[in-house]
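Participant: My file is target.tsv. It has TSV, C-alpha atoms:
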chain	number	residue	atom	x	y	z
A	630	MET	CA	54.94	-102.19	-40.27
A	631	GLY	CA	53.87	-98.87	-41.75
A	632	ALA	CA	53.42	-98.43	-45.45
A	633	SER	CA	54.60	-95.00	-46.51
A	634	LYS	CA	51.40	-93.11	-47.17
A	635	GLY	CA	52.81	-91.27	-50.13
A	636	GLN	CA	52.95	-94.32	-52.40
A	637	LYS	CA	49.98	-96.07	-54.01
A	638	LEU	CA	47.75	-97.63	-51.39
A	639	SER	CA	46.32	-101.11	-51.86
A	640	GLY	CA	42.56	-101.63	-51.81
A	641	MET	CA	42.71	-103.07	-48.33
A	642	GLN	CA	44.71	-100.14	-47.00
A	643	LYS	CA	42.14	-97.77	-48.48
A	644	GLN	CA	39.39	-99.69	-46.71
A	645	VAL	CA	41.19	-99.44	-43.38
A	646	LEU	CA	41.72	-95.72	-43.83
A	647	SER	CA	38.09	-95.11	-44.81
A	648	LEU	CA	36.97	-97.07	-41.74
A	649	TYR	CA	39.20	-94.88	-39.58
A	650	ARG	CA	37.77	-91.76	-41.21
A	651	GLY	CA	34.26	-93.13	-40.63
A	652	PHE	CA	34.99	-93.50	-36.93
A	653	LEU	CA	36.31	-89.97	-36.65
A	654	ARG	CA	33.27	-88.61	-38.48
A	655	ALA	CA	30.92	-90.52	-36.19
A	656	ALA	CA	32.80	-89.15	-33.21
A	657	ARG	CA	32.21	-85.61	-34.44
A	658	SER	CA	28.47	-86.02	-33.94
A	659	LYS	CA	28.83	-86.85	-30.26
A	660	PRO	CA	29.24	-84.43	-27.33
A	661	ALA	CA	32.72	-82.99	-26.85
A	662	GLU	CA	34.24	-85.11	-24.11
A	663	ASP	CA	32.78	-88.36	-25.49
A	664	ARG	CA	34.28	-87.32	-28.79
A	665	ARG	CA	37.76	-87.08	-27.33
A	666	GLN	CA	37.40	-90.46	-25.65
A	667	ILE	CA	36.20	-92.13	-28.85
A	668	GLU	CA	39.01	-90.60	-30.86
A	669	SER	CA	41.65	-91.71	-28.38
A	670	ILE	CA	40.39	-95.31	-28.17
A	671	VAL	CA	39.95	-95.66	-31.92
A	672	SER	CA	43.32	-94.18	-32.83
A	673	ALA	CA	45.07	-96.27	-30.17
A	674	GLU	CA	43.51	-99.48	-31.51
A	675	PHE	CA	44.30	-98.70	-35.13
A	676	ARG	CA	47.87	-97.76	-34.26
A	677	GLN	CA	48.40	-100.91	-32.23
A	678	ASN	CA	46.97	-103.14	-34.95
A	679	SER	CA	49.06	-101.47	-37.62
A	680	LYS	CA	52.18	-102.36	-35.69
A	681	GLN	CA	51.26	-105.85	-34.53
A	682	VAL	CA	49.35	-107.33	-37.44
A	683	ASP	CA	51.34	-108.72	-40.33
A	684	ARG	CA	50.60	-106.87	-43.57
A	685	LYS	CA	50.07	-110.09	-45.48
A	686	ASN	CA	47.61	-111.63	-42.98
A	687	PHE	CA	44.62	-110.79	-45.18
A	688	LEU	CA	42.27	-113.13	-43.35
A	689	TYR	CA	42.78	-111.40	-40.03
A	690	ILE	CA	42.71	-107.89	-41.51
A	691	GLU	CA	39.42	-108.61	-43.24
A	692	TYR	CA	38.06	-109.99	-39.96
A	693	LEU	CA	39.08	-106.80	-38.18
A	694	LEU	CA	37.56	-104.66	-40.95
A	695	ARG	CA	34.22	-106.47	-40.67
A	696	ARG	CA	34.23	-106.20	-36.89
A	697	GLY	CA	35.12	-102.50	-37.15
A	698	LYS	CA	32.28	-101.83	-39.64
A	699	LYS	CA	29.77	-103.42	-37.26
A	700	GLN	CA	31.08	-101.37	-34.36
A	701	LEU	CA	30.93	-98.25	-36.51
A	702	ASP	CA	27.28	-98.92	-37.37
A	703	GLN	CA	26.50	-99.23	-33.70
A	704	LEU	CA	28.40	-96.05	-32.92
A	705	LYS	CA	26.57	-94.06	-35.59
A	706	SER	CA	23.20	-94.61	-33.91
A	707	PRO	CA	22.25	-91.52	-31.88
A	708	ASP	CA	21.60	-93.63	-28.78
A	709	THR	CA	25.22	-94.65	-28.42
A	710	ILE	CA	27.17	-92.13	-26.40
A	711	GLY	CA	30.64	-93.62	-26.30
A	712	LEU	CA	33.09	-96.47	-26.48
A	713	SER	CA	34.99	-98.29	-23.85
A	714	SER	CA	37.62	-100.93	-24.13
A	715	VAL	CA	38.91	-103.56	-21.79
A	716	ASN	CA	42.50	-104.64	-21.95
A	717	VAL	CA	42.88	-108.35	-21.38
A	718	SER	CA	46.45	-109.19	-20.59
A	719	SER	CA	47.77	-112.19	-22.44
A	720	SER	CA	49.41	-113.65	-19.35
A	721	LYS	CA	48.26	-117.11	-18.30
A	722	LYS	CA	45.36	-117.23	-15.90
A	723	GLN	CA	45.85	-119.09	-12.66
A	724	ASN	CA	43.57	-122.07	-12.17
A	725	ALA	CA	41.68	-121.80	-8.92
A	726	ASP	CA	42.09	-124.95	-6.88
A	727	THR	CA	38.94	-125.74	-4.99
B	215	MET	CA	-3.55	-164.21	-10.67
B	216	ASN	CA	-0.86	-166.67	-11.50
B	217	ILE	CA	2.60	-165.54	-10.66
B	218	THR	CA	5.31	-167.41	-12.40
B	219	SER	CA	8.90	-166.50	-12.01
B	220	CYS	CA	11.05	-167.33	-14.95
B	221	VAL	CA	14.23	-166.06	-16.44
B	222	SER	CA	13.20	-165.39	-19.97
B	223	SER	CA	11.06	-162.38	-20.48
B	224	SER	CA	8.92	-163.74	-23.25
B	225	LYS	CA	6.37	-166.30	-22.18
B	226	VAL	CA	3.21	-167.07	-24.02
B	227	ALA	CA	0.13	-167.40	-21.85
B	228	PRO	CA	-0.73	-171.10	-21.54
B	229	ALA	CA	-4.07	-172.28	-22.78
B	230	ALA	CA	-6.58	-171.48	-20.10
B	231	PRO	CA	-10.16	-172.60	-19.88
B	232	ALA	CA	-12.44	-170.27	-21.73
B	233	ALA	CA	-14.40	-169.50	-18.61
B	234	ARG	CA	-11.51	-167.92	-16.85
B	235	MET	CA	-9.06	-165.80	-18.78
B	236	VAL	CA	-5.85	-165.85	-16.87
B	237	LEU	CA	-2.93	-163.71	-17.75
B	238	ASP	CA	0.29	-165.51	-17.21
B	239	ARG	CA	2.86	-162.87	-16.68
B	240	ALA	CA	6.53	-163.40	-16.78
B	241	TYR	CA	8.34	-161.69	-13.97
B	242	ALA	CA	12.08	-161.48	-14.18
B	243	SER	CA	13.85	-163.34	-11.45
B	244	GLU	CA	15.95	-161.65	-8.86
B	245	ALA	CA	19.10	-162.94	-10.43
B	246	GLU	CA	18.35	-161.10	-13.61
B	247	ALA	CA	17.52	-157.92	-11.74
B	248	GLN	CA	20.94	-157.91	-10.12
B	249	LYS	CA	22.74	-158.24	-13.40
B	250	VAL	CA	24.36	-154.94	-14.42
B	251	GLU	CA	24.63	-154.27	-18.14
B	252	PRO	CA	28.25	-154.13	-19.17
B	253	LYS	CA	28.67	-150.67	-20.66
B	254	ALA	CA	32.19	-149.43	-20.51
B	255	THR	CA	33.83	-152.76	-20.39
B	256	GLY	CA	32.35	-153.95	-23.68
B	257	GLY	CA	34.93	-152.36	-25.97
B	258	THR	CA	34.94	-148.93	-27.53
B	259	ASN	CA	33.77	-147.57	-30.84
B	260	MET	CA	36.13	-144.73	-31.64
B	261	LYS	CA	35.39	-142.21	-34.36
B	262	THR	CA	37.54	-139.33	-35.50
B	263	PHE	CA	36.01	-135.90	-35.99
B	264	GLN	CA	37.91	-133.35	-38.07
B	265	ILE	CA	36.71	-129.94	-37.04
B	266	TYR	CA	37.54	-126.58	-38.64
B	267	ARG	CA	39.33	-124.33	-36.18
B	268	TRP	CA	40.25	-120.68	-36.54
B	269	ASN	CA	40.89	-118.32	-33.68
B	270	PRO	CA	40.74	-114.56	-34.34
B	271	ASP	CA	42.92	-113.89	-31.28
B	272	ASN	CA	45.81	-115.95	-32.62
B	273	PRO	CA	45.22	-115.39	-36.28
B	274	SER	CA	46.92	-117.93	-38.46
B	275	LYS	CA	45.68	-120.21	-41.19
B	276	PRO	CA	42.51	-122.17	-40.39
B	277	GLN	CA	43.16	-125.80	-39.48
B	278	LEU	CA	41.27	-129.06	-39.33
B	279	GLN	CA	41.79	-130.48	-35.88
B	280	ASP	CA	41.22	-134.17	-35.05
B	281	TYR	CA	39.22	-135.34	-32.06
B	282	LYS	CA	38.55	-138.98	-31.15
B	283	ILE	CA	35.22	-139.77	-29.56
B	284	ASP	CA	33.91	-143.05	-28.17
B	285	LEU	CA	30.50	-143.37	-29.80
B	286	LYS	CA	29.32	-145.70	-27.05
B	287	GLU	CA	29.49	-142.86	-24.56
B	288	CYS	CA	28.01	-140.22	-26.78
B	289	GLY	CA	24.54	-139.36	-28.03
B	290	PRO	CA	23.58	-140.18	-31.62
B	291	MET	CA	23.70	-136.69	-33.11
B	292	VAL	CA	26.65	-134.61	-34.24
B	293	LEU	CA	25.70	-131.91	-31.73
B	294	ASP	CA	26.10	-134.45	-28.91
B	295	ALA	CA	29.62	-135.17	-30.13
B	296	LEU	CA	30.45	-131.46	-30.33
B	297	ILE	CA	29.18	-130.84	-26.81
B	298	LYS	CA	31.11	-133.86	-25.56
B	299	ILE	CA	34.30	-132.55	-27.16
B	300	LYS	CA	33.73	-129.11	-25.67
B	301	ASN	CA	33.01	-130.51	-22.21
B	302	GLU	CA	35.74	-133.09	-21.96
B	303	MET	CA	38.45	-132.48	-24.49
B	304	ASP	CA	38.68	-128.90	-25.74
B	305	PRO	CA	36.64	-126.12	-24.10
B	306	THR	CA	37.79	-123.58	-26.68
B	307	LEU	CA	35.73	-125.18	-29.45
B	308	THR	CA	33.15	-122.57	-30.43
B	309	PHE	CA	29.81	-123.23	-32.08
B	310	ARG	CA	26.24	-121.97	-31.93
B	311	ARG	CA	23.49	-124.15	-30.50
B	312	SER	CA	20.25	-123.70	-28.65
B	313	CYS	CA	17.23	-125.98	-28.84
B	314	ARG	CA	18.94	-129.31	-29.69
B	315	GLU	CA	15.75	-130.40	-31.42
B	316	GLY	CA	15.95	-128.86	-34.87
B	317	ILE	CA	13.64	-125.89	-34.42
B	318	CYS	CA	15.90	-122.93	-33.72
B	319	GLY	CA	18.35	-123.28	-36.59
B	320	SER	CA	21.39	-122.12	-34.59
B	321	CYS	CA	23.57	-125.20	-35.13
B	322	ALA	CA	23.61	-125.07	-38.92
B	323	MET	CA	26.97	-126.25	-40.24
B	324	ASN	CA	28.55	-128.30	-42.98
B	325	ILE	CA	28.85	-131.97	-41.97
B	326	ASN	CA	30.69	-134.27	-44.37
B	327	GLY	CA	30.14	-131.83	-47.19
B	328	CYS	CA	26.38	-131.40	-46.70
B	329	ASN	CA	24.76	-128.48	-44.93
B	330	GLY	CA	22.49	-129.43	-42.07
B	331	LEU	CA	21.61	-128.94	-38.44
B	332	ALA	CA	24.06	-130.59	-36.07
B	333	CYS	CA	21.25	-131.53	-33.70
B	334	LEU	CA	19.39	-133.43	-36.42
B	335	THR	CA	22.32	-135.06	-38.24
B	336	LYS	CA	23.13	-138.55	-36.98
B	337	ILE	CA	26.78	-139.47	-36.60
B	338	GLU	CA	27.65	-141.84	-39.41
B	339	SER	CA	28.44	-145.28	-38.10
B	340	GLY	CA	31.59	-146.87	-39.40
B	341	ALA	CA	35.20	-145.95	-39.05
B	342	SER	CA	35.34	-143.14	-41.61
B	343	GLU	CA	36.18	-139.66	-40.36
B	344	THR	CA	33.52	-137.00	-40.01
B	345	THR	CA	34.51	-133.56	-41.23
B	346	ILE	CA	32.73	-130.59	-39.69
B	347	THR	CA	33.21	-127.15	-41.21
B	348	PRO	CA	31.23	-123.92	-40.96
B	349	LEU	CA	28.58	-123.00	-43.54
B	350	PRO	CA	30.35	-122.59	-46.87
B	351	HIS	CA	31.25	-119.19	-48.32
B	352	MET	CA	30.34	-117.29	-45.18
B	353	PHE	CA	32.75	-115.11	-43.23
B	354	VAL	CA	33.97	-116.94	-40.14
B	355	ILE	CA	33.93	-115.19	-36.79
B	356	LYS	CA	35.48	-118.06	-34.83
B	357	ASP	CA	35.71	-121.84	-35.37
B	358	LEU	CA	32.23	-122.89	-36.53
B	359	VAL	CA	30.49	-119.55	-35.93
B	360	VAL	CA	29.79	-117.55	-39.09
B	361	ASP	CA	28.66	-113.99	-39.75
B	362	MET	CA	24.94	-114.09	-40.53
B	363	THR	CA	24.28	-110.33	-40.77
B	364	ASN	CA	24.11	-110.28	-44.57
B	365	PHE	CA	21.65	-113.18	-44.50
B	366	TYR	CA	19.45	-111.45	-41.93
B	367	ASN	CA	19.59	-108.14	-43.77
B	368	GLN	CA	18.38	-109.83	-46.93
B	369	TYR	CA	15.48	-111.33	-44.96
B	370	LYS	CA	14.67	-107.89	-43.57
B	371	SER	CA	14.79	-106.34	-47.04
B	372	ILE	CA	11.77	-108.31	-48.27
B	373	GLU	CA	9.66	-106.78	-45.46
B	374	PRO	CA	8.45	-110.02	-43.88
B	375	TRP	CA	5.33	-108.63	-42.22
B	376	LEU	CA	1.68	-108.27	-43.12
B	377	LYS	CA	0.99	-105.08	-45.06
B	378	ARG	CA	-2.51	-103.89	-45.76
B	379	LYS	CA	-3.97	-100.86	-47.45
B	380	ASN	CA	-7.48	-101.23	-46.00
B	381	PRO	CA	-8.40	-101.87	-42.39
B	382	PRO	CA	-9.53	-105.42	-41.56
B	383	PRO	CA	-13.10	-106.26	-42.64
B	384	THR	CA	-14.38	-106.58	-39.04
B	385	ALA	CA	-12.58	-103.92	-37.07
B	386	GLY	CA	-10.74	-105.15	-34.01
B	387	LYS	CA	-11.02	-108.80	-35.01
B	388	GLU	CA	-8.67	-111.03	-36.92
B	389	ILE	CA	-8.55	-110.97	-40.70
B	390	PRO	CA	-10.40	-114.07	-41.85
B	391	GLN	CA	-8.59	-116.54	-44.04
B	392	SER	CA	-10.06	-119.70	-45.52
B	393	LYS	CA	-8.45	-123.06	-44.91
B	394	LYS	CA	-7.57	-123.29	-48.56
B	395	ASP	CA	-5.72	-119.99	-48.44
B	396	ARG	CA	-3.95	-121.03	-45.28
B	397	ALA	CA	-2.90	-124.26	-46.94
B	398	LYS	CA	-1.09	-122.18	-49.57
B	399	LEU	CA	1.39	-121.16	-46.87
B	400	ASP	CA	2.32	-124.74	-45.99
B	401	GLY	CA	5.90	-125.47	-46.89
B	402	MET	CA	6.93	-121.88	-46.30
B	403	TYR	CA	5.95	-120.92	-42.78
B	404	GLU	CA	8.04	-123.74	-41.29
B	405	CYS	CA	11.29	-122.09	-42.35
B	406	ILE	CA	13.59	-121.55	-39.37
B	407	LEU	CA	16.12	-119.30	-41.13
B	408	CYS	CA	18.98	-121.68	-40.50
B	409	ALA	CA	20.70	-120.57	-43.74
B	410	CYS	CA	21.46	-124.14	-44.83
B	411	CYS	CA	19.77	-123.57	-48.18
B	412	SER	CA	21.25	-120.19	-49.04
B	413	THR	CA	24.76	-121.31	-48.18
B	414	SER	CA	24.41	-124.42	-50.32
B	415	CYS	CA	23.45	-122.43	-53.42
B	416	PRO	CA	26.41	-121.83	-55.77
B	417	SER	CA	24.62	-118.79	-57.17
B	418	TYR	CA	24.52	-117.34	-53.66
B	419	TRP	CA	28.22	-118.11	-53.21
B	420	TRP	CA	29.15	-116.03	-56.22
B	421	ASN	CA	26.75	-113.12	-55.55
B	422	PRO	CA	26.01	-113.00	-51.82
B	423	GLU	CA	25.30	-109.30	-51.66
B	424	SER	CA	23.08	-108.96	-54.70
B	425	TYR	CA	21.23	-112.30	-54.92
B	426	LEU	CA	18.68	-112.67	-52.13
B	427	GLY	CA	19.15	-116.40	-51.76
B	428	PRO	CA	16.62	-119.23	-51.43
B	429	ALA	CA	15.66	-118.52	-47.81
B	430	ALA	CA	14.75	-114.86	-48.34
B	431	LEU	CA	12.93	-115.70	-51.59
B	432	LEU	CA	10.98	-118.47	-49.85
B	433	HIS	CA	9.85	-115.94	-47.29
B	434	ALA	CA	9.07	-113.43	-50.04
B	435	ASN	CA	6.80	-116.03	-51.60
B	436	ARG	CA	5.24	-116.70	-48.18
B	437	TRP	CA	4.12	-113.09	-47.99
B	438	ILE	CA	3.20	-112.87	-51.66
B	439	SER	CA	0.97	-115.95	-51.31
B	440	ASP	CA	-0.65	-114.76	-48.10
B	441	SER	CA	-4.25	-113.90	-48.94
B	442	ARG	CA	-4.42	-111.36	-46.11
B	443	ASP	CA	-1.55	-109.27	-47.51
B	444	GLU	CA	-2.58	-106.49	-49.91
B	445	TYR	CA	0.81	-105.38	-51.21
B	446	THR	CA	1.31	-108.36	-53.52
B	447	LYS	CA	2.08	-106.32	-56.60
B	448	GLU	CA	4.57	-104.12	-54.77
B	449	ARG	CA	6.30	-107.16	-53.30
B	450	LEU	CA	6.60	-108.76	-56.73
B	451	ASP	CA	7.96	-105.55	-58.22
B	452	ALA	CA	10.50	-105.16	-55.44
B	453	ILE	CA	12.20	-108.46	-56.19
B	454	ASN	CA	11.66	-108.41	-59.97
B	455	ASP	CA	15.31	-107.70	-60.47
B	456	GLU	CA	17.96	-109.46	-62.50
B	457	TYR	CA	20.10	-109.99	-59.44
B	458	LYS	CA	17.66	-110.34	-56.58
B	459	LEU	CA	15.54	-113.06	-58.13
B	460	TYR	CA	16.93	-114.18	-61.45
B	461	ARG	CA	20.30	-115.35	-60.23
B	462	CYS	CA	18.40	-118.53	-59.39
B	463	HIS	CA	19.17	-121.09	-62.09
B	464	THR	CA	17.19	-123.91	-60.45
B	465	ILE	CA	20.32	-125.65	-59.23
B	466	LEU	CA	18.06	-126.99	-56.41
B	467	ASN	CA	20.84	-127.56	-53.89
B	468	CYS	CA	18.55	-125.69	-51.53
B	469	ALA	CA	15.87	-128.38	-51.53
B	470	ARG	CA	18.53	-131.00	-50.91
B	471	ALA	CA	20.06	-129.13	-47.99
B	472	CYS	CA	16.95	-128.01	-46.11
B	473	PRO	CA	16.87	-129.79	-42.74
B	474	LYS	CA	13.11	-129.20	-42.43
B	475	GLY	CA	12.35	-130.78	-45.81
B	476	LEU	CA	11.19	-127.58	-47.49
B	477	ASN	CA	11.66	-126.78	-51.17
B	478	PRO	CA	12.77	-123.18	-51.69
B	479	GLY	CA	13.41	-123.83	-55.37
B	480	LYS	CA	9.75	-124.63	-55.92
B	481	GLN	CA	8.69	-121.40	-54.20
B	482	ILE	CA	11.12	-119.41	-56.37
B	483	GLN	CA	9.58	-121.01	-59.45
B	484	HIS	CA	6.20	-119.89	-58.19
B	485	ILE	CA	7.44	-116.30	-57.88
B	486	LYS	CA	8.91	-116.41	-61.38
B	487	GLN	CA	5.58	-117.61	-62.75
B	488	LEU	CA	3.73	-114.84	-60.96
B	489	GLU	CA	6.15	-112.31	-62.39
B	490	LEU	CA	5.37	-113.57	-65.89
B	491	THR	CA	1.61	-113.56	-65.54
B	492	GLY	CA	0.57	-111.13	-62.82
B	493	GLY	CA	3.10	-108.43	-62.07
B	494	ALA	CA	5.20	-106.24	-64.30
The structure given in the file should be rewritten as structure tokens.
Facilitator:
Amino acid sequence: MGASKGQKLSGMQKQVLSLYRGFLRAARSKPAEDRRQIESIVSAEFRQNSKQVDRKNFLYIEYLLRRGKKQLDQLKSPDTIGLSSVNVSSSKKQNADT
Amino acid sequence: MNITSCVSSSKVAPAAPAARMVLDRAYASEAEAQKVEPKATGGTNMKTFQIYRWNPDNPSKPQLQDYKIDLKECGPMVLDALIKIKNEMDPTLTFRRSCREGICGSCAMNINGCNGLACLTKIESGASETTITPLPHMFVIKDLVVDMTNFYNQYKSIEPWLKRKNPPPTAGKEIPQSKKDRAKLDGMYECILCACCSTSCPSYWWNPESYLGPAALLHANRWISDSRDEYTKERLDAINDEYKLYRCHTILNCARACPKGLNPGKQIQHIKQLELTGGA
């Protein structure tokens, strides 16, 4: 689902890119190994979303942008030292029979 | 003491001689005590609730989903119905709630077109459907939960704390305030920041980032009117802005929507008057 970055970017695409840049800049202010971890998680998430999310699903993209901005504000604070992510598999959970 | 056993529960005391006042009580008979009130067998009173659903994990268009509830087995308030739906029918229904008595302001939502607290809004009797949607013109996080950060930031921006330039008159003790001055704060301190008023204001819909909204302005007036606060002029200057204050066109939807019966529009008028006479 990639738009070719050479052509004119829509407003929403510019917002996504500036959010990505914001994350990378925030990562720069952290110690070296935390920085690598942040960069890997953030780039993995953005790459996965760019492939999975439909380009026209504005509602969901805006939701992700807002969530990302909040996470970025938290990351910028000097107390935060890193990110972690949990992968929840989408397989059905088994109901425990008691 | 006369003991009379009778079936009916209302019995007037028979005329007794004036010398001895005797209370003739009516005790229910054993037969009546054994009678169980027919609850579930007496027919049902079904009502349909149409609730706004949107899941960020399966993002598609938001939908209105129907749920049928038997009002005879449910409490009188909309929050009772929501909790019943979440417990028995659909555990994925997401909404905020806390005190269930109208003091925390968490369960603010749009019920049948009017903003209000779900724990204070009675379910309308009658067969018509009840539509429950999140607060209007707010970003939705999931189902009925909305993003309140902008609202809270606007509240923070008016600096809702006591600011003084001089130390208190008697050091170490409270700052004295007359009853008359304290009465000036009535109608403003009760605000629970539920956001019903701000999200019912069309002016706030069209300018949510620049207009402060009735709730924040009500609190601004609360601190401006506080006799103990010494930064009155600075507070008035801070909001004396075309967008922060003067987007209010006295539409007065806020007074209509407030679940605590407050009137933010009146407080905003007060600020506007102060700006004309006192401040800049």
Participant: What's the 12 Å shell around range 697-702 of chain A, counting all atoms listed in the file, without same-chain residues fewer than 3 positions away, as a VMD selection string?
Facilitator: (chain A and resid 644 to 656 667 671 674 to 675 690 to 694 705 to 709 711 to 713) or (chain B and resid 361 363 to 364)
Participant: A:Gln703, A:Arg696, A:Asn716, A:Tyr689: which is nearest chain B, counting all atoms listed in the file?
Facilitator: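 When distances to chain B are compared using all atoms listed in the file, the smallest one comes from A:Tyr689.
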Participant: Distance cut-off 8 Å, counting only C-alpha atoms - which residues of chain B neighbour chain A? Return them as a VMD selection string.
Facilitator: chain B and resid 270 273 to 274 355
Participant: So, counting all atoms listed in the file, which residue among B:Ile372, B:Leu432, B:Ala471, B:Cys410 is closest to Ala452 in chain B?
Facilitator: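 The closest residue to Ala452 in chain B is B:Ile372.
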Participant: CA of His463 in chain B to CA of Tyr418 in chain B: how many Å, to one decimal?
Facilitator: 10.7 Å
Participant: What does the structure give for the distance between CA of Gly340 in chain B and CA of Asp357 in chain B, in Å to one decimal?
Facilitator: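 Distance reported for this atom pair: 25.7 Å.
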Participant: Restricting the calculation to only C-alpha atoms, which member of B:Thr413, B:Asn380, B:Asn326, B:Gln368 is positioned closest to Pro350 in chain B?
Facilitator: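 Closest candidate: B:Thr413.
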Participant: Residues near Lys370 in chain B, anyone? I mean within 12 Å using all atoms listed in the file, not counting same-chain ones fewer than 2 positions away, as a ChimeraX atom specification.
Facilitator: /B:363-368,372-375,407,426,429-431,433-434
Participant: Write to file, as a CSV table (one decimal), in the coordinates of the input, the residues of the selection just made, with C-alpha atoms.
Facilitator:
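New file again10.csv:
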chain,number,residue,atom,x,y,z
B,363,THR,CA,24.3,-110.3,-40.8
B,364,ASN,CA,24.1,-110.3,-44.6
B,365,PHE,CA,21.6,-113.2,-44.5
B,366,TYR,CA,19.4,-111.4,-41.9
B,367,ASN,CA,19.6,-108.1,-43.8
B,368,GLN,CA,18.4,-109.8,-46.9
B,372,ILE,CA,11.8,-108.3,-48.3
B,373,GLU,CA,9.7,-106.8,-45.5
B,374,PRO,CA,8.4,-110.0,-43.9
B,375,TRP,CA,5.3,-108.6,-42.2
B,407,LEU,CA,16.1,-119.3,-41.1
B,426,LEU,CA,18.7,-112.7,-52.1
B,429,ALA,CA,15.7,-118.5,-47.8
B,430,ALA,CA,14.8,-114.9,-48.3
B,431,LEU,CA,12.9,-115.7,-51.6
B,433,HIS,CA,9.8,-115.9,-47.3
B,434,ALA,CA,9.1,-113.4,-50.0
Participant: In Å, rounded to a single decimal, give me how far CA of Cys472 in chain B is from CA of Glu404 in chain B.
Facilitator: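 Separation between CA of Glu404 in chain B and CA of Cys472 in chain B: 11.0 Å.
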Participant: Within 6 Å of Tyr266 in chain B, counting all atoms listed in the file, which residues show up once you throw out same-chain ones fewer than 5 positions away? Write them as a CSV table (one decimal) with C-alpha atoms, in the coordinates of the input, please.
Facilitator:
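And here's part-v1.csv as it stands now:
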chain,number,residue,atom,x,y,z
B,277,GLN,CA,43.2,-125.8,-39.5
B,278,LEU,CA,41.3,-129.1,-39.3
B,347,THR,CA,33.2,-127.2,-41.2
Participant: Give me, as a PyMOL selection string, all polymer residues having an atom no more than 12 Å from Asn329 in chain B, counting all atoms listed in the file and skipping those fewer than 6 positions away in the same chain.
Facilitator: chain B and resi 319+321-323+335+345-351+408-415+467-474
Participant: Save the residues we just selected, C-alpha atoms, as a compact mmCIF listing (two decimals), in the frame of the given file?
Facilitator:
# COMPACT_ATOMS: atom_id res chain seq x y z
CA GLY B 319 18.35 -123.28 -36.59
CA CYS B 321 23.57 -125.20 -35.13
CA ALA B 322 23.61 -125.07 -38.92
CA MET B 323 26.97 -126.25 -40.24
CA THR B 335 22.32 -135.06 -38.24
CA THR B 345 34.51 -133.56 -41.23
CA ILE B 346 32.73 -130.59 -39.69
CA THR B 347 33.21 -127.15 -41.21
CA PRO B 348 31.23 -123.92 -40.96
CA LEU B 349 28.58 -123.00 -43.54
CA PRO B 350 30.35 -122.59 -46.87
CA HIS B 351 31.25 -119.19 -48.32
CA CYS B 408 18.98 -121.68 -40.50
CA ALA B 409 20.70 -120.57 -43.74
CA CYS B 410 21.46 -124.14 -44.83
CA CYS B 411 19.77 -123.57 -48.18
CA SER B 412 21.25 -120.19 -49.04
CA THR B 413 24.76 -121.31 -48.18
CA SER B 414 24.41 -124.42 -50.32
CA CYS B 415 23.45 -122.43 -53.42
CA ASN B 467 20.84 -127.56 -53.89
CA CYS B 468 18.55 -125.69 -51.53
CA ALA B 469 15.87 -128.38 -51.53
CA ARG B 470 18.53 -131.00 -50.91
CA ALA B 471 20.06 -129.13 -47.99
CA CYS B 472 16.95 -128.01 -46.11
CA PRO B 473 16.87 -129.79 -42.74
CA LYS B 474 13.11 -129.20 -42.43
